[in-house]
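Here's the structure we're looking at; comments come further down.
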Amino acid sequence: MATMLEVSRLARVSPATVSRVVNGAPKVSSATRKRVLEAIEALDYRPNAFARGLVTNRSGGIGLTVNEISSPYFGAIVAGVEQVTRENGLHLMVSSGFAQVDTERSAIEFLRQRHCDGLVVQSEALPDEELIALVREGAVPAVVFGRPVAEIEDACVVMNNERGGVLATQHLLDHGHRHVAHVTGPLSFPDARDRLHGYRRTLEAAGIPYVDRYVVESTFLETGGARAVARLLDRAPEITAIFFGNDQMAAGGMRTLREHGRDVPRDVSVVGFDDVFLAEYLAPTLTTVRQPLVDMGRAAARMLLARLGYAGGEVVHRFEPELVERNTVANAV
């Protein structure tokens with residue numbers, strides 16, 4: 001492997017001049033720069049990225065924290081962030097926080113120690129005050145994904161989750177359903193609370209009483225949806241429709257409905273949330289509320305790169321949901 005000294009000898013310049021060319025320093029003549037670049041190409045010299053970072057104070061890496069990488073929801077976010085980072089010649093490093101305060105802090109610290117130039121933080125557990133301090137006073141630029149924090153709203157990319165809850169619930173009411181259940185995600189999560197608020201608001205606007213036993217809190221996983229439906233069928237067998245807090249829960253819940261002899265959508269209509277890739281591969285295909293996760297990931301990356309001084313397009317802070325009609329909703333009998 002070629003060294004900087006070998007490049008300097010071939011180009012007939014000092015190693016310091018080679019370093020200035022590699023790191024984009026302006027005070028190098030065009031003729032000298034041309035000789036150095038030709039020598040670099042001839043010797044296939046690859047500068048040490050860490051050493052270059054010490055000079056430029058940039059590592060060329062962007063950090064992203066998510067709840068857990070295995071979920072299709074978070075996979076779509078990662079894809080969006082990575083698309084933009086690669087378009088700008090950067091690389092992405094991802095760490096999981098698992099919705100636990102200490103683990104989320106550890107994930108952020110891990111990325112800081114790897115000298116990431118900036119951070120996209122998807123946090124479920126950290127208090128708002130900590131996120132505010134991270135954005136305003138952190139050692140590196142940071143933006144927040146998927147969570148509105150009023151004090152730093154210009155550094156947040158969010159979805160209108162309450163509107164999504166309205167869309168899902170209204171779609172079921174429009175098909176004549178009046179016994180509509182809701183399986184929420186953990187209500188410690190703002191997005192789960194907002195979707196529940198949308199559900200309640202829509203029932204109230206339609207003059208339909210809110211029934212406590214129609215609402216079950218669970219985890220945002222297939223197993224969470226399966227367990228929640230088992231509870232619903234035990235305590236509210238009269239339900240004819242279920243709005244699930246995400247598509248993974250809907251997939252697990254649909255399996256439990258089949259196991260209990262309930263056909264979807266003939267006996268129980270189902271609406272999910274997110275529109276992850278599995279929604280159109282379930283049988284029947286899942287009616288759901290789409291949030292454009294890849295686009296949101298791209299927006300978060302653009303927002304961060306703008307804070308790092310990169311040129312880019314318009315930064316979008318807030319996204320609106322869209323109902324996607326497939327085959328899991330039928331008219332109430």
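Ligands are numbered from 1 in the order shown, residues from 1 within each chain, and chains are lettered A, B, ... in the order they appear in the structure tokens.
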
Can you list, as a list in words, every protein, DNA or RNA residue that comes within 6 Å of stretch 159-176 of chain A when you count only C-alpha atoms, leaving out same-chain residues fewer than 2 positions away?
Asp191, Asp194, Arg195, Gly198, Tyr199, Thr202, Arg318, Phe319, Glu320, Pro321, Asn331 and Ala332 of chain A

Using only C-alpha atoms, determine which residues lie at most 10 Å from stretch 275-279 of chain A, disregarding the query and same-chain residues fewer than 4 positions distant; provide the list as number ranges by chain.
A: 71-76, 246-248, 250-251, 283-293, 322-324, 326

Enter the distance from atom CA of A:Ala299 to atom CA of A:Gly80, in Å, rounded to one decimal.
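Rounded to one decimal, the two atoms are 8.1 Å apart.
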
Find the residues around stretch 126-138 of chain A up to 8 Å (only C-alpha atoms counted), leave out those fewer than 2 positions away in its own chain, and share them as an MDAnalysis selection string.
chainID A and resid 100:101 104:105 123:124 140:144 149 151:152 155

Mind writing the picked residues with all heavy atoms as a JSON list (two decimals), in the first residue's frame?
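Here's the written file result_9.json:
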```json
[["chain", "number", "residue", "atom", "x", "y", "z"],
["A", 100, "GLN", "N", -35.27, 2.10, 25.63],
["A", 100, "GLN", "CA", -34.88, 2.15, 27.03],
["A", 100, "GLN", "C", -33.92, 3.31, 27.23],
["A", 100, "GLN", "O", -32.99, 3.51, 26.44],
["A", 100, "GLN", "CB", -34.21, 0.84, 27.45],
["A", 100, "GLN", "CG", -35.13, -0.38, 27.31],
["A", 100, "GLN", "CD", -34.40, -1.68, 27.60],
["A", 100, "GLN", "OE1", -33.33, -1.70, 28.16],
["A", 100, "GLN", "NE2", -35.00, -2.78, 27.17],
["A", 101, "VAL", "N", -34.12, 4.06, 28.31],
["A", 101, "VAL", "CA", -33.35, 5.30, 28.52],
["A", 101, "VAL", "C", -31.85, 5.04, 28.48],
["A", 101, "VAL", "O", -31.11, 5.69, 27.74],
["A", 101, "VAL", "CB", -33.76, 5.96, 29.85],
["A", 101, "VAL", "CG1", -32.80, 7.11, 30.18],
["A", 101, "VAL", "CG2", -35.18, 6.50, 29.79],
["A", 104, "GLU", "N", -30.62, 3.93, 24.99],
["A", 104, "GLU", "CA", -30.63, 5.02, 24.02],
["A", 104, "GLU", "C", -29.45, 5.96, 24.27],
["A", 104, "GLU", "O", -28.78, 6.40, 23.33],
["A", 104, "GLU", "CB", -31.95, 5.78, 24.09],
["A", 104, "GLU", "CG", -33.12, 4.99, 23.51],
["A", 104, "GLU", "CD", -34.41, 5.78, 23.43],
["A", 104, "GLU", "OE1", -34.46, 6.93, 23.92],
["A", 104, "GLU", "OE2", -35.37, 5.26, 22.85],
["A", 105, "ARG", "N", -29.18, 6.27, 25.53],
["A", 105, "ARG", "CA", -28.02, 7.12, 25.85],
["A", 105, "ARG", "C", -26.73, 6.44, 25.39],
["A", 105, "ARG", "O", -25.84, 7.09, 24.83],
["A", 105, "ARG", "CB", -27.96, 7.38, 27.35],
["A", 105, "ARG", "CG", -29.00, 8.36, 27.86],
["A", 105, "ARG", "CD", -28.90, 8.53, 29.35],
["A", 105, "ARG", "NE", -29.94, 9.41, 29.86],
["A", 105, "ARG", "CZ", -30.51, 9.25, 31.05],
["A", 105, "ARG", "NH1", -30.15, 8.26, 31.85],
["A", 105, "ARG", "NH2", -31.46, 10.10, 31.44],
["A", 123, "SER", "N", -35.83, 8.46, 19.20],
["A", 123, "SER", "CA", -35.85, 8.12, 20.62],
["A", 123, "SER", "C", -37.28, 7.96, 21.10],
["A", 123, "SER", "O", -38.13, 8.81, 20.83],
["A", 123, "SER", "CB", -35.14, 9.20, 21.44],
["A", 123, "SER", "OG", -35.39, 9.04, 22.82],
["A", 124, "GLU", "N", -37.53, 6.89, 21.83],
["A", 124, "GLU", "CA", -38.82, 6.69, 22.48],
["A", 124, "GLU", "C", -38.75, 7.00, 23.98],
["A", 124, "GLU", "O", -39.76, 7.37, 24.58],
["A", 124, "GLU", "CB", -39.28, 5.23, 22.32],
["A", 124, "GLU", "CG", -39.34, 4.73, 20.88],
["A", 124, "GLU", "CD", -40.53, 5.27, 20.12],
["A", 124, "GLU", "OE1", -41.29, 6.07, 20.68],
["A", 124, "GLU", "OE2", -40.69, 4.89, 18.94],
["A", 140, "VAL", "N", -22.06, 17.48, 18.66],
["A", 140, "VAL", "CA", -22.21, 17.38, 17.21],
["A", 140, "VAL", "C", -23.64, 17.77, 16.85],
["A", 140, "VAL", "O", -24.56, 17.62, 17.67],
["A", 140, "VAL", "CB", -21.91, 15.96, 16.68],
["A", 140, "VAL", "CG1", -20.47, 15.59, 16.95],
["A", 140, "VAL", "CG2", -22.85, 14.93, 17.29],
["A", 141, "PRO", "N", -23.88, 18.26, 15.63],
["A", 141, "PRO", "CA", -25.25, 18.59, 15.21],
["A", 141, "PRO", "C", -26.15, 17.36, 15.29],
["A", 141, "PRO", "O", -25.73, 16.23, 15.01],
["A", 141, "PRO", "CB", -25.07, 19.06, 13.77],
["A", 141, "PRO", "CG", -23.66, 19.53, 13.70],
["A", 141, "PRO", "CD", -22.89, 18.63, 14.61],
["A", 142, "ALA", "N", -27.42, 17.57, 15.66],
["A", 142, "ALA", "CA", -28.36, 16.46, 15.80],
["A", 142, "ALA", "C", -29.75, 16.91, 15.41],
["A", 142, "ALA", "O", -30.12, 18.08, 15.57],
["A", 142, "ALA", "CB", -28.36, 15.94, 17.24],
["A", 143, "VAL", "N", -30.55, 15.96, 14.87],
["A", 143, "VAL", "CA", -31.97, 16.17, 14.61],
["A", 143, "VAL", "C", -32.73, 14.99, 15.19],
["A", 143, "VAL", "O", -32.16, 13.93, 15.44],
["A", 143, "VAL", "CB", -32.26, 16.32, 13.10],
["A", 143, "VAL", "CG1", -31.52, 17.51, 12.51],
["A", 143, "VAL", "CG2", -31.91, 15.05, 12.35],
["A", 144, "VAL", "N", -34.02, 15.19, 15.40],
["A", 144, "VAL", "CA", -34.87, 14.19, 16.05],
["A", 144, "VAL", "C", -35.87, 13.65, 15.06],
["A", 144, "VAL", "O", -36.55, 14.41, 14.36],
["A", 144, "VAL", "CB", -35.59, 14.80, 17.28],
["A", 144, "VAL", "CG1", -36.54, 13.78, 17.91],
["A", 144, "VAL", "CG2", -34.57, 15.29, 18.31],
["A", 149, "VAL", "N", -40.99, 17.86, 19.51],
["A", 149, "VAL", "CA", -40.55, 18.54, 20.73],
["A", 149, "VAL", "C", -40.64, 20.03, 20.43],
["A", 149, "VAL", "O", -39.89, 20.55, 19.59],
["A", 149, "VAL", "CB", -39.11, 18.13, 21.11],
["A", 149, "VAL", "CG1", -38.69, 18.84, 22.41],
["A", 149, "VAL", "CG2", -38.99, 16.62, 21.28],
["A", 151, "GLU", "N", -39.82, 22.88, 21.69],
["A", 151, "GLU", "CA", -38.69, 23.81, 21.81],
["A", 151, "GLU", "C", -37.68, 23.68, 20.68],
["A", 151, "GLU", "O", -36.89, 24.59, 20.43],
["A", 151, "GLU", "CB", -37.98, 23.60, 23.16],
["A", 151, "GLU", "CG", -38.80, 24.02, 24.36],
["A", 151, "GLU", "CD", -39.74, 22.91, 24.85],
["A", 151, "GLU", "OE1", -39.92, 21.89, 24.12],
["A", 151, "GLU", "OE2", -40.27, 23.04, 25.95],
["A", 152, "ILE", "N", -37.66, 22.53, 20.01],
["A", 152, "ILE", "CA", -36.70, 22.30, 18.92],
["A", 152, "ILE", "C", -37.42, 21.81, 17.67],
["A", 152, "ILE", "O", -36.93, 20.97, 16.93],
["A", 152, "ILE", "CB", -35.61, 21.29, 19.34],
["A", 152, "ILE", "CG1", -36.25, 20.00, 19.89],
["A", 152, "ILE", "CG2", -34.64, 21.90, 20.34],
["A", 152, "ILE", "CD1", -35.28, 18.85, 20.10],
["A", 155, "ALA", "N", -35.86, 21.18, 14.38],
["A", 155, "ALA", "CA", -34.90, 20.07, 14.28],
["A", 155, "ALA", "C", -35.62, 18.72, 14.37],
["A", 155, "ALA", "O", -34.98, 17.71, 14.65],
["A", 155, "ALA", "CB", -33.85, 20.17, 15.38]]
```

Distance in Å - atom CA of A:Thr103 versus atom CA of A:Ala79
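If I compute the distance from atom CA of A:Thr103 to atom CA of A:Ala79, I get 22.4 Å.
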
Interatomic distance (Å, one decimal) between atom CA of A:Ala31 and atom CA of A:Arg46
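Value for the atom CA of A:Ala31-atom CA of A:Arg46 distance: 21.1 Å.
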
Quick check for you: according to DSSP on this backbone, which residues of stretch 38-217 of chain A are classed as helix (DSSP H, G or I)? Reply as an NGL selection string.
:A and (38-43 or 49-56 or 72-87 or 101-113 or 128-137 or 150-155 or 161-174 or 190-205 or 212-214)

Tell me which protein, DNA and RNA residues are within 10 Å of stretch 260-262 of chain A, counting only C-alpha atoms, leaving out same-chain ones fewer than 4 positions away, and put them as a list of chain:residue names.
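Close residues of stretch 260-262 of chain A: A:Val229, A:Ala230, A:Leu233, A:Thr240, A:Met254, A:Arg255, A:Thr256, A:Arg266, A:Asp267, A:Val268, A:Ser269.
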
Env of A:Val215: 12 Å cut, atoms = only C-alpha atoms, seq-sep filter 6 positions within chain, self excluded. Answer as a list in words.
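Contacts, with the query itself left out: His179, Val180, Ala181, His182, Val183, Thr184, Gly185, Leu187, Arg195, Leu196, His197, Tyr199, Arg200, Ala228, Val229, Arg231, Leu232, Leu233, Arg235, Ala236, Ile239, Ala241, Ile242, Phe243, Phe244 and Gly245 of chain A.
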
Looking at only C-alpha atoms, which of A:Val36, A:Val333, A:Pro209, A:Leu111 is the one that sits closest to A:Arg20?
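Among the listed residues, A:Val36 lies closest to A:Arg20.
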
Would you list, as a list of chain:residue names, the residues of stretch 151-203 of chain A that end up in strand (DSSP E or B) under DSSP run on this structure's backbone?
A:Cys156, A:Val157, A:Val158, A:Met159, A:Val180, A:Ala181, A:His182, A:Val183, A:Thr184

Selection file, all heavy atoms, as a tab-separated table (two decimals), in the first residue's frame:
```tsv
chain	number	residue	atom	x	y	z
A	156	CYS	N	-36.93	18.71	14.14
A	156	CYS	CA	-37.71	17.47	14.26
A	156	CYS	C	-38.40	17.14	12.94
A	156	CYS	O	-38.93	18.03	12.26
A	156	CYS	CB	-38.79	17.61	15.34
A	156	CYS	SG	-38.16	17.89	17.01
A	157	VAL	N	-38.43	15.86	12.59
A	157	VAL	CA	-39.22	15.34	11.48
A	157	VAL	C	-40.33	14.49	12.08
A	157	VAL	O	-40.04	13.51	12.78
A	157	VAL	CB	-38.37	14.50	10.51
A	157	VAL	CG1	-39.26	13.82	9.47
A	157	VAL	CG2	-37.33	15.37	9.82
A	158	VAL	N	-41.59	14.85	11.84
A	158	VAL	CA	-42.69	14.18	12.52
A	158	VAL	C	-43.81	13.81	11.56
A	158	VAL	O	-43.92	14.35	10.46
A	158	VAL	CB	-43.27	15.07	13.65
A	158	VAL	CG1	-42.22	15.36	14.72
A	158	VAL	CG2	-43.83	16.37	13.09
A	159	MET	N	-44.63	12.87	12.01
A	159	MET	CA	-45.84	12.44	11.31
A	159	MET	C	-47.05	12.93	12.09
A	159	MET	O	-47.04	12.93	13.33
A	159	MET	CB	-45.84	10.92	11.21
A	159	MET	CG	-47.17	10.26	10.90
A	159	MET	SD	-47.91	10.76	9.34
A	159	MET	CE	-46.67	10.23	8.18
A	180	VAL	N	-66.12	-0.64	17.28
A	180	VAL	CA	-64.76	-0.55	16.73
A	180	VAL	C	-63.75	-0.57	17.87
A	180	VAL	O	-63.75	0.32	18.74
A	180	VAL	CB	-64.58	0.73	15.88
A	180	VAL	CG1	-63.15	0.81	15.35
A	180	VAL	CG2	-65.60	0.76	14.75
A	181	ALA	N	-62.89	-1.54	17.87
A	181	ALA	CA	-61.84	-1.65	18.89
A	181	ALA	C	-60.55	-1.00	18.40
A	181	ALA	O	-60.37	-0.77	17.19
A	181	ALA	CB	-61.59	-3.11	19.23
A	182	HIS	N	-59.67	-0.72	19.34
A	182	HIS	CA	-58.36	-0.16	18.99
A	182	HIS	C	-57.28	-0.87	19.82
A	182	HIS	O	-57.35	-0.90	21.04
A	182	HIS	CB	-58.32	1.33	19.26
A	182	HIS	CG	-57.01	1.98	18.94
A	182	HIS	ND1	-56.18	1.57	17.90
A	182	HIS	CD2	-56.35	3.03	19.53
A	182	HIS	CE1	-55.10	2.32	17.87
A	182	HIS	NE2	-55.17	3.21	18.85
A	183	VAL	N	-56.30	-1.43	19.12
A	183	VAL	CA	-55.12	-2.01	19.78
A	183	VAL	C	-54.00	-0.99	19.67
A	183	VAL	O	-53.52	-0.70	18.56
A	183	VAL	CB	-54.71	-3.34	19.12
A	183	VAL	CG1	-53.44	-3.88	19.77
A	183	VAL	CG2	-55.84	-4.36	19.25
A	184	THR	N	-53.61	-0.41	20.79
A	184	THR	CA	-52.60	0.64	20.79
A	184	THR	C	-51.21	0.05	21.00
A	184	THR	O	-51.06	-1.04	21.56
A	184	THR	CB	-52.84	1.68	21.90
A	184	THR	OG1	-52.34	1.17	23.14
A	184	THR	CG2	-54.31	2.02	22.03
```

What lies within 7 Å of A:His91 using only C-alpha atoms, ignoring chain neighbours under 2 positions off, as a PyMOL selection string?
chain A and resi 60-62+85-86+89+93

Just-selected residues, all heavy atoms written as a PDB file, in the first residue's frame:
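Saved result, part_17.pdb, follows:
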```pdb
ATOM      1  N   GLY A  60     -16.806  11.946   7.821  1.00  0.00           N
ATOM      2  CA  GLY A  60     -17.526  11.405   6.667  1.00  0.00           C
ATOM      3  C   GLY A  60     -18.578  10.403   7.058  1.00  0.00           C
ATOM      4  O   GLY A  60     -19.122   9.698   6.205  1.00  0.00           O
ATOM      5  N   GLY A  61     -18.916  10.351   8.342  1.00  0.00           N
ATOM      6  CA  GLY A  61     -19.925   9.408   8.824  1.00  0.00           C
ATOM      7  C   GLY A  61     -21.072  10.110   9.521  1.00  0.00           C
ATOM      8  O   GLY A  61     -20.889  11.123  10.200  1.00  0.00           O
ATOM      9  N   ILE A  62     -22.284   9.589   9.330  1.00  0.00           N
ATOM     10  CA  ILE A  62     -23.485  10.082   9.994  1.00  0.00           C
ATOM     11  C   ILE A  62     -24.011   8.979  10.897  1.00  0.00           C
ATOM     12  O   ILE A  62     -24.049   7.806  10.503  1.00  0.00           O
ATOM     13  CB  ILE A  62     -24.563  10.472   8.960  1.00  0.00           C
ATOM     14  CG1 ILE A  62     -24.078  11.637   8.098  1.00  0.00           C
ATOM     15  CG2 ILE A  62     -25.884  10.825   9.648  1.00  0.00           C
ATOM     16  CD1 ILE A  62     -23.780  12.905   8.858  1.00  0.00           C
ATOM     17  N   THR A  85     -27.377  10.103   2.682  1.00  0.00           N
ATOM     18  CA  THR A  85     -25.974  10.162   3.090  1.00  0.00           C
ATOM     19  C   THR A  85     -25.072   9.689   1.953  1.00  0.00           C
ATOM     20  O   THR A  85     -24.042  10.311   1.658  1.00  0.00           O
ATOM     21  CB  THR A  85     -25.721   9.332   4.356  1.00  0.00           C
ATOM     22  OG1 THR A  85     -26.171   7.984   4.164  1.00  0.00           O
ATOM     23  CG2 THR A  85     -26.458   9.925   5.546  1.00  0.00           C
ATOM     24  N   ARG A  86     -25.472   8.621   1.276  1.00  0.00           N
ATOM     25  CA  ARG A  86     -24.645   8.118   0.167  1.00  0.00           C
ATOM     26  C   ARG A  86     -24.633   9.095  -1.003  1.00  0.00           C
ATOM     27  O   ARG A  86     -23.625   9.254  -1.688  1.00  0.00           O
ATOM     28  CB  ARG A  86     -25.139   6.743  -0.277  1.00  0.00           C
ATOM     29  CG  ARG A  86     -24.746   5.628   0.674  1.00  0.00           C
ATOM     30  CD  ARG A  86     -24.930   4.254   0.056  1.00  0.00           C
ATOM     31  NE  ARG A  86     -24.414   3.226   0.938  1.00  0.00           N
ATOM     32  CZ  ARG A  86     -23.137   2.848   0.975  1.00  0.00           C
ATOM     33  NH1 ARG A  86     -22.256   3.424   0.189  1.00  0.00           N
ATOM     34  NH2 ARG A  86     -22.741   1.898   1.805  1.00  0.00           N
ATOM     35  N   GLY A  89     -21.880  11.386  -0.518  1.00  0.00           N
ATOM     36  CA  GLY A  89     -20.549  10.842  -0.310  1.00  0.00           C
ATOM     37  C   GLY A  89     -20.233  10.492   1.127  1.00  0.00           C
ATOM     38  O   GLY A  89     -19.055  10.395   1.508  1.00  0.00           O
ATOM     39  N   MET A  93     -23.785   5.002  10.096  1.00  0.00           N
ATOM     40  CA  MET A  93     -23.559   4.066  11.187  1.00  0.00           C
ATOM     41  C   MET A  93     -24.825   4.045  12.046  1.00  0.00           C
ATOM     42  O   MET A  93     -25.349   5.096  12.415  1.00  0.00           O
ATOM     43  CB  MET A  93     -22.354   4.501  12.027  1.00  0.00           C
ATOM     44  CG  MET A  93     -21.958   3.499  13.097  1.00  0.00           C
ATOM     45  SD  MET A  93     -20.479   4.024  13.991  1.00  0.00           S
ATOM     46  CE  MET A  93     -19.267   3.980  12.674  1.00  0.00           C
TER      47      MET A  93
END
```
